[in-house]
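> The structure file input.txt (compact mmCIF, C-alpha atoms) is provided below.
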# COMPACT_ATOMS: atom_id res chain seq x y z
CA MET J 173 -84.35 -1.81 27.79
CA THR J 174 -81.29 -1.74 25.56
CA THR J 175 -78.71 0.98 25.83
CA LEU J 176 -76.23 1.97 23.18
CA ALA J 177 -72.68 0.72 23.55
CA ALA J 178 -70.31 3.55 24.43
CA VAL J 179 -68.97 5.18 21.29
CA GLN J 180 -65.20 4.91 20.96
CA THR J 181 -63.65 8.35 20.62
CA PRO J 182 -59.99 9.29 20.66
CA TYR J 183 -60.57 11.37 23.78
CA THR J 184 -62.89 10.88 26.73
CA VAL J 185 -64.09 13.51 29.16
CA PRO J 186 -64.71 12.20 32.69
CA THR J 187 -68.41 12.28 33.60
CA ALA J 188 -67.80 14.42 36.67
CA MET J 189 -66.10 17.11 34.56
CA MET J 190 -68.95 17.03 32.07
CA ASP J 191 -71.44 17.42 34.92
CA ILE J 192 -69.56 20.43 36.28
CA LEU J 193 -69.48 22.00 32.81
CA GLN J 194 -73.18 21.42 32.25
CA ILE J 195 -74.18 22.75 35.68
CA THR J 196 -71.98 25.83 35.20
CA LEU J 197 -73.56 26.52 31.84
CA LEU J 198 -77.09 26.01 33.19
CA VAL J 199 -76.37 28.59 35.92
CA LEU J 200 -74.88 31.00 33.36
CA VAL J 201 -77.92 30.65 31.09
CA ALA J 202 -80.27 31.29 34.02
CA ALA J 203 -78.21 34.38 34.96
CA GLY J 204 -78.18 35.55 31.33
CA ALA J 205 -81.95 35.19 30.97
CA THR J 206 -82.48 37.12 34.21
CA ALA J 207 -80.14 39.85 32.97
CA VAL J 208 -82.08 40.16 29.69
CA VAL J 209 -85.28 40.72 31.67
CA LEU J 210 -83.75 43.11 34.21
CA ILE J 211 -81.84 45.41 31.83
CA ARG J 212 -84.11 48.32 30.95
CA ALA J 213 -82.02 50.27 28.39
CA HIS J 214 -83.17 48.87 25.08
CA VAL J 215 -79.94 48.75 23.10
CA ARG J 216 -78.09 47.19 26.04
CA GLN J 217 -80.91 44.73 26.42
CA VAL J 218 -80.49 43.66 22.78
CA LEU J 219 -76.74 43.19 23.30
CA MET J 220 -77.46 41.07 26.37
CA LEU J 221 -79.98 39.08 24.32
CA SER J 222 -77.24 38.35 21.81
CA ILE J 223 -74.82 37.27 24.55
CA TYR J 224 -77.59 35.11 25.98
CA GLY J 225 -77.92 33.49 22.54
CA VAL J 226 -74.22 32.60 22.58
CA LEU J 227 -74.55 31.17 26.11
CA LEU J 228 -77.48 29.01 25.03
CA ALA J 229 -75.51 27.83 22.00
CA VAL J 230 -72.61 26.73 24.20
CA LEU J 231 -75.09 25.01 26.53
CA PHE J 232 -76.54 23.03 23.62
CA LEU J 233 -73.03 22.04 22.56
CA ALA J 234 -72.26 20.74 26.05
CA PHE J 235 -75.50 18.74 25.89
CA GLN J 236 -74.36 17.07 22.66
CA ALA J 237 -76.64 18.88 20.23
CA PRO J 238 -74.22 20.48 17.75
CA ASP J 239 -76.90 21.07 15.12
CA VAL J 240 -79.09 22.99 17.57
CA THR J 241 -75.95 24.89 18.58
CA LEU J 242 -75.54 26.12 15.00
CA SER J 243 -79.21 27.11 14.76
CA GLU J 244 -79.08 28.95 18.08
CA LEU J 245 -75.87 30.78 17.10
CA VAL J 246 -77.29 32.13 13.86
CA VAL J 247 -80.83 32.79 15.09
CA GLY J 248 -80.40 33.69 18.76
CA ALA J 249 -77.10 35.54 18.63
CA VAL J 250 -77.41 37.21 15.20
CA ALA J 251 -80.81 37.18 13.52
CA LEU J 252 -83.10 38.00 16.45
CA PRO J 253 -80.95 40.89 17.82
CA ILE J 254 -80.70 42.42 14.32
CA ILE J 255 -84.48 42.33 13.88
CA VAL J 256 -85.05 43.89 17.32
CA LEU J 257 -82.37 46.56 16.70
CA LEU J 258 -83.92 47.53 13.37
CA THR J 259 -87.37 47.76 14.96
CA LEU J 260 -85.94 49.97 17.73
CA ALA J 261 -84.36 52.23 15.10
CA LYS J 262 -87.68 52.55 13.29
CA VAL J 263 -89.60 53.38 16.47
CA ARG J 264 -87.01 55.96 17.51
CA LYS J 265 -87.12 57.70 14.14
CA ARG J 266 -90.88 57.99 14.38
CA GLU J 267 -90.61 59.52 17.85
CA GLN J 268 -88.25 62.23 16.63
CA MET R 89 -112.43 43.34 42.41
CA THR R 90 -110.22 44.65 45.18
CA PRO R 91 -106.44 44.22 45.08
CA GLY R 92 -106.70 41.89 48.08
CA GLN R 93 -109.04 39.53 46.27
CA ARG R 94 -106.81 39.60 43.23
CA ARG R 95 -103.85 38.66 45.37
CA TRP R 96 -105.71 35.66 46.74
CA ILE R 97 -106.58 34.47 43.26
CA PHE R 98 -102.93 34.83 42.31
CA VAL R 99 -101.78 32.89 45.40
CA ALA R 100 -104.26 30.07 44.69
CA GLY R 101 -103.24 29.94 41.02
CA GLY R 102 -99.54 30.07 41.85
CA LEU R 103 -99.86 27.25 44.39
CA GLY R 104 -101.80 25.15 41.89
CA LEU R 105 -99.14 25.74 39.24
CA LEU R 106 -96.39 24.86 41.73
CA ALA R 107 -98.16 21.62 42.70
CA PHE R 108 -98.61 20.51 39.11
CA TYR R 109 -95.04 21.57 38.26
CA LEU R 110 -93.55 19.53 41.11
CA TRP R 111 -95.79 16.58 40.24
CA GLY R 112 -94.56 16.77 36.63
CA LEU R 113 -90.91 17.08 37.72
CA SER R 114 -91.20 13.99 39.93
CA GLY R 115 -92.23 11.92 36.89
CA LEU R 116 -89.30 12.95 34.72
CA PRO R 117 -86.59 10.41 33.87
CA GLY R 118 -83.25 10.97 35.61
CA PHE R 119 -80.89 13.67 34.37
CA GLY R 120 -79.21 12.49 31.16
CA ASN R 121 -81.35 9.34 30.88
CA TYR R 122 -83.35 8.93 27.71
CA PRO R 123 -85.97 6.19 28.04
CA GLY R 124 -87.51 6.47 24.57
CA PRO R 125 -87.04 3.68 22.01
CA TYR R 126 -86.84 6.02 19.01
CA GLY R 127 -83.28 7.37 19.41
CA PRO R 128 -81.42 4.04 19.74
CA ALA R 129 -83.57 2.52 16.98
CA ILE R 130 -82.80 5.27 14.49
CA LEU R 131 -79.10 5.34 15.40
CA ARG R 132 -78.88 1.65 14.59
CA VAL R 133 -80.47 1.88 11.13
CA ALA R 134 -80.05 5.45 9.89
CA VAL R 135 -76.54 5.36 8.39
CA ALA R 136 -77.13 2.01 6.68
CA GLN R 137 -80.49 3.10 5.25
CA THR R 138 -79.58 6.61 4.05
CA ASN R 139 -75.77 6.69 3.70
CA ALA R 140 -75.93 10.01 5.57
CA THR R 141 -73.62 10.27 8.57
CA GLY R 142 -75.35 13.48 9.63
CA VAL R 143 -78.14 11.53 11.27
CA VAL R 144 -79.98 14.67 12.41
CA SER R 145 -80.27 15.70 8.75
CA ALA R 146 -81.40 12.19 7.84
CA ILE R 147 -84.20 12.54 10.39
CA ASN R 148 -85.11 16.10 9.39
CA PHE R 149 -85.06 15.66 5.64
CA ASP R 150 -85.95 11.98 5.22
CA TYR R 151 -87.56 10.12 8.16
CA ARG R 152 -89.51 13.22 9.17
CA GLY R 153 -89.23 15.04 5.87
CA PHE R 154 -92.95 15.78 5.78
CA ASP R 155 -92.67 17.54 9.13
CA THR R 156 -89.88 19.73 7.77
CA VAL R 157 -91.93 20.70 4.70
CA GLY R 158 -94.35 22.28 7.16
CA GLU R 159 -91.56 24.15 8.95
CA GLU R 160 -90.22 25.32 5.62
CA PHE R 161 -93.57 26.82 4.72
CA ILE R 162 -93.94 28.41 8.16
CA LEU R 163 -90.86 30.48 7.37
CA PHE R 164 -92.12 31.14 3.85
CA VAL R 165 -95.46 32.41 5.14
CA ALA R 166 -93.73 34.45 7.86
CA ALA R 167 -91.54 36.22 5.28
CA THR R 168 -94.60 36.85 3.11
CA GLY R 169 -96.40 38.25 6.13
CA VAL R 170 -93.54 40.62 6.98
CA ALA R 171 -93.40 41.81 3.38
CA THR R 172 -97.16 42.42 3.43
CA VAL R 173 -97.30 44.20 6.78
CA LEU R 174 -94.27 46.37 6.03
CA ARG R 175 -95.35 47.46 2.57
CA MET R 176 -95.72 51.14 1.93
CA LEU R 177 -99.06 52.35 3.19
CA ARG R 178 -101.21 55.24 2.10
CA GLY R 179 -99.93 58.38 3.75
CA GLU R 180 -96.35 57.17 3.68
CA ARG R 181 -93.80 58.17 1.14
CA GLU R 182 -90.40 56.88 0.20
CA ARG R 183 -87.58 59.31 0.51
CA PRO R 184 -84.07 59.06 -0.87
CA ALA R 185 -81.63 57.16 1.30
CA LEU R 186 -79.86 60.33 2.29
CA ASP R 187 -79.88 62.16 5.57
CA GLU R 188 -82.01 65.24 5.07
CA ALA R 189 -81.85 66.83 8.51
CA ALA R 190 -79.89 69.99 7.91
CA GLY R 191 -76.91 70.66 10.11
CA ARG R 192 -76.89 67.23 11.74
CA ASP R 193 -73.58 65.48 11.90
CA VAL R 194 -74.02 61.90 10.77
CA PRO R 195 -71.09 59.80 11.89
CA ALA R 196 -69.58 57.92 8.97
CA THR R 197 -69.22 54.16 9.30
CA SER R 198 -65.99 53.70 11.21
CA SER R 199 -63.19 52.06 9.32
CA ALA R 200 -62.98 49.41 12.05
CA VAL R 201 -66.56 48.30 11.39
CA ARG R 202 -65.94 48.48 7.65
CA MET R 203 -62.76 46.40 7.93
CA VAL R 204 -64.29 43.70 10.13
CA ALA R 205 -67.39 43.44 7.97
CA LEU R 206 -65.31 43.16 4.79
CA LEU R 207 -62.99 40.59 6.33
CA PHE R 208 -65.90 38.47 7.48
CA THR R 209 -68.04 38.57 4.35
CA GLY R 210 -66.03 36.00 2.38
CA PRO R 211 -65.59 33.46 5.21
CA VAL R 212 -69.27 33.80 6.17
CA VAL R 213 -70.38 33.02 2.60
CA LEU R 214 -68.03 30.04 2.57
CA ALA R 215 -69.22 28.75 5.95
CA GLY R 216 -72.87 29.21 5.00
CA TRP R 217 -72.43 27.42 1.71
CA TRP R 218 -70.48 24.63 3.40
CA LEU R 219 -73.13 24.14 6.08
CA ALA R 220 -76.00 24.13 3.58
CA SER R 221 -74.28 21.64 1.28
CA HIS R 222 -72.92 19.27 3.95
CA ALA R 223 -76.07 18.36 5.86
CA GLN R 224 -75.60 14.71 4.87
CA THR R 225 -72.14 14.44 6.43
CA ASN R 226 -72.18 16.79 9.42
CA PRO R 227 -74.46 18.18 12.07
CA SER R 228 -75.41 21.11 9.89
CA GLY R 229 -78.07 21.80 7.32
CA GLY R 230 -79.85 24.20 5.05
CA PHE R 231 -81.41 26.17 7.86
CA GLN R 232 -78.19 27.12 9.62
CA GLY R 233 -76.31 27.59 6.35
CA GLY R 234 -79.09 29.70 4.87
CA ILE R 235 -79.12 32.19 7.73
CA LEU R 236 -75.33 32.45 7.60
CA LEU R 237 -75.55 33.22 3.87
CA ALA R 238 -78.06 35.95 4.65
CA THR R 239 -75.72 37.30 7.33
CA ALA R 240 -73.13 37.90 4.61
CA PHE R 241 -75.55 40.35 2.99
CA ILE R 242 -76.06 42.11 6.31
CA LEU R 243 -72.27 42.46 6.59
CA VAL R 244 -72.32 44.14 3.17
CA TYR R 245 -74.88 46.58 4.54
CA LEU R 246 -72.73 47.22 7.62
CA SER R 247 -69.54 47.71 5.65
CA GLY R 248 -70.93 49.94 2.95
CA GLU R 249 -74.25 51.27 2.00
CA PHE R 250 -77.86 50.32 2.09
CA LEU R 251 -77.93 50.87 -1.66
CA VAL R 252 -75.24 48.23 -2.24
CA PHE R 253 -77.25 45.82 -0.09
CA LYS R 254 -80.33 46.57 -2.20
CA ARG R 255 -78.42 46.20 -5.47
CA LEU R 256 -77.06 42.81 -4.37
CA SER R 257 -80.46 41.56 -3.27
CA PRO R 258 -83.22 43.11 -5.41
CA ALA R 259 -86.65 42.19 -4.06
CA ASP R 260 -87.68 40.50 -7.32
CA LEU R 261 -84.68 38.18 -7.18
CA THR R 262 -85.04 37.27 -3.49
CA ASP R 263 -88.75 36.61 -4.05
CA VAL R 264 -87.99 34.22 -6.91
CA VAL R 265 -85.18 32.44 -5.03
CA GLU R 266 -87.36 32.10 -1.93
CA ALA R 267 -90.20 30.61 -3.95
CA ALA R 268 -87.82 28.29 -5.82
CA GLY R 269 -86.35 27.05 -2.52
CA ALA R 270 -89.71 26.36 -0.89
CA GLY R 271 -91.21 24.95 -4.07
CA GLY R 272 -88.14 22.83 -4.82
CA TYR R 273 -88.52 20.97 -1.53
CA ALA R 274 -92.20 20.27 -2.17
CA ALA R 275 -91.41 19.30 -5.79
CA ILE R 276 -88.88 16.66 -4.65
CA GLY R 277 -91.70 15.09 -2.67
CA VAL R 278 -94.07 15.23 -5.63
CA ALA R 279 -91.40 13.73 -7.90
CA ALA R 280 -91.37 10.67 -5.65
CA VAL R 281 -95.16 10.45 -5.98
CA ALA R 282 -94.81 10.62 -9.77
CA MET R 283 -92.63 7.49 -9.53
CA SER R 284 -95.45 5.81 -7.56
CA LEU R 285 -93.46 6.07 -4.32
CA PRO R 286 -94.77 7.62 -1.09
CA TYR R 287 -94.39 11.41 -0.82
CA LEU R 288 -90.78 12.49 -0.10
CA THR R 289 -89.32 8.99 -0.53
CA ASP R 290 -85.57 9.20 -1.10
CA PHE R 291 -85.52 8.15 -4.77
CA LEU R 292 -82.03 9.27 -5.77
CA PRO R 293 -79.02 6.93 -5.66
CA LEU R 294 -77.57 6.91 -2.14
CA GLY R 295 -73.95 6.71 -3.23
CA GLN R 296 -71.37 4.11 -2.24
CA VAL R 297 -69.59 5.69 0.73
CA PRO R 298 -71.58 6.67 3.84
CA GLY R 299 -70.73 10.25 4.72
CA ALA R 300 -69.46 11.28 1.29
CA VAL R 301 -70.76 14.62 0.05
CA SER R 302 -72.35 12.88 -2.94
CA SER R 303 -74.15 10.37 -0.73
CA SER R 304 -77.64 10.29 0.81
CA GLY R 305 -79.75 11.02 -2.29
CA THR R 306 -82.49 13.58 -1.74
CA ILE R 307 -81.30 14.52 1.76
CA ALA R 308 -78.48 16.64 0.34
CA LEU R 309 -80.73 18.11 -2.35
CA ILE R 310 -83.48 19.06 0.12
CA SER R 311 -80.91 20.66 2.42
CA PHE R 312 -79.68 22.76 -0.49
CA PHE R 313 -83.23 23.94 -1.31
CA VAL R 314 -83.88 24.72 2.35
CA GLY R 315 -80.61 26.69 2.39
CA ILE R 316 -81.53 29.02 -0.45
CA GLU R 317 -85.11 29.37 0.80
CA VAL R 318 -83.98 30.38 4.30
CA ALA R 319 -81.28 32.72 2.97
CA ALA R 320 -83.72 34.45 0.61
CA SER R 321 -86.54 34.83 3.13
CA PHE R 322 -84.20 36.17 5.77
CA ILE R 323 -82.68 38.68 3.34
CA LEU R 324 -86.23 39.67 2.41
CA ILE R 325 -87.21 40.22 6.05
CA ILE R 326 -84.08 42.23 6.85
CA GLY R 327 -84.44 44.21 3.61
CA GLU R 328 -88.03 45.12 4.44
CA LEU R 329 -87.05 46.20 7.96
CA LEU R 330 -84.13 48.29 6.64
CA GLU R 331 -86.43 49.92 4.11
CA GLN R 332 -88.90 50.74 6.87
CA THR R 333 -86.14 52.23 9.00
CA LEU R 334 -84.26 54.10 6.32
CA LEU R 335 -86.62 54.99 3.50
CA ILE R 336 -90.28 55.07 4.40
CA ARG R 337 -91.65 58.14 6.14
CA GLN R 338 -95.00 59.19 7.45
CA GLU R 339 -96.27 61.96 5.22
CA GLY R 340 -96.86 65.28 6.89
Translate this structure into structure tokens?


Amino acid sequence: MTTLAAVQTPYTVPTAMMDILQITLLVLVAAGATAVVLIRAHVRQVLMLSIYGVLLAVLFLAFQAPDVTLSELVVGAVALPIIVLLTLAKVRKREQ
Amino acid sequence: MTPGQRRWIFVAGGLGLLAFYLWGLSGLPGFGNYPGPYGPAILRVAVAQTNATGVVSAINFDYRGFDTVGEEFILFVAATGVATVLRMLRGERERPALDEAAGRDVPATSSAVRMVALLFTGPVVLAGWWLASHAQTNPSGGFQGGILLATAFILVYLSGEFLVFKRLSPADLTDVVEAAGAGGYAAIGVAAVAMSLPYLTDFLPLGQVPGAVSSSGTIALISFFVGIEVAASFILIIGELLEQTLLIRQEG
């Protein structure tokens, strides 16, 4: 099986450092997802969801997927929380 | 069924899931190893074939362009669905976008929110436009750029009034732009067929310099159409939700 020759970049990050970064981010994402599930107050939950979106975006960046990072930033951190917030507002108004 | 029996079924199911999960994990390639032939193959030929240095865009809008047409129309149908479900129903009425509860203190938008929203609107439009029009050179594309463009409209809503948001994005206009974006993508594919090429073949000149903005032929054009389609459908969805929240009331 052929592997790609290493791409020459002006800077190189040691593999061990990259591993530490990726593991740290994986743990943070797991913690963030757990927090989203555990938080019961709705508005706080939406804020946590947005933070979780940012965490996921950084994770994708560390795993060399910058295009997915951009998608996750705009969808996970902005679009989804806005839609959930608006739905919450609608439901609350009806309850009043 | 008693709770005890249910628990046993859960335990059996959970153990089965665990077994299959571990079996699946044991067959995975090592962390960070990619054994497939597709990635290295496409990296070797993509830039030379398409003159697009944003190889992800080259895959999305050219090699797997047909796939992306489907995704495009998923969003289109989703926006149509939201507009249909959230239309005004019998027994609901629209009320003016004013607070009518007497004696309730409505906090005005704070000047901090207003300031931040105003400061961000311009840069967000610029970034969205840049992302949507630079898919061929960078890891970006119409999808990301389109949502950012829509976010600029949401900032307008945050900084000012719902009415300004509505005036900037009348439903008729967003409908037309959304349809033009989705249809434009499909039409590029049909244009290739009209030239007796396979559907979605890149028929435009690829340009001389790989990675130039004018390079990559239809990849850049498709990304642009995707950008305006995504922006319009997202504005439509948010607009419908805002209307539901702010304007439409149950009669009674």

> Return the single residue from J:Leu193, J:Val218, J:Val185, J:Ala237 that is closest to chain R, with distances computed using all atoms listed in the file.

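Looking at the shortest contact to chain R, the residue is J:Ala237.
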
> For each of R:Val165, R:Thr138, R:Pro117, R:Leu334, take the minimum atom-to-atom distance to Pro293 of chain R, counting all atoms listed in the file, then give the residue where this is smallest.

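Under the stated criterion, the closest residue is R:Thr138.
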
> Report as a tab-separated table: every residue of chain R with an atom at most 6 Å from chain J, its closest pair of atoms, and their distance in Å to one decimal, counting all atoms listed in the file, with rows sorted by chain and ascending residue number.


residue	atom	partner	partner_atom	distance
R:Pro227	CA	J:Asp239	CA	4.9
R:Ser228	CA	J:Asp239	CA	5.4
R:Gln232	CA	J:Ser243	CA	5.2
R:Thr333	CA	J:Lys262	CA	4.6

> At a cut-off of 12 Å, using all atoms listed in the file, what residues contact Met190 of chain J? Leave out same-chain residues fewer than 2 positions from it and give the result as a count of residues only.

17

> If I take atom CA of Arg175 of chain R and atom CA of Val244 of chain R, how far is one from the other in Å, to one decimal?

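That distance, rounded to one decimal, is 23.3 Å.
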
> Could you give me, as a compact mmCIF listing (two decimals) with C-alpha atoms, keeping the file's coordinate frame, the residues within 12 Å of Arg202 of chain R, counting only C-alpha atoms and dropping anything in the same chain fewer than 6 positions from it?


# COMPACT_ATOMS: atom_id res chain seq x y z
CA ALA R 196 -69.58 57.92 8.97
CA PHE R 208 -65.90 38.47 7.48
CA THR R 209 -68.04 38.57 4.35
CA LEU R 243 -72.27 42.46 6.59
CA VAL R 244 -72.32 44.14 3.17
CA TYR R 245 -74.88 46.58 4.54
CA LEU R 246 -72.73 47.22 7.62
CA SER R 247 -69.54 47.71 5.65
CA GLY R 248 -70.93 49.94 2.95
CA GLU R 249 -74.25 51.27 2.00

> Using atom CA of Thr90 of chain R and atom CA of Tyr109 of chain R as the two end points, give the distance in Å to one decimal.

28.5 Å
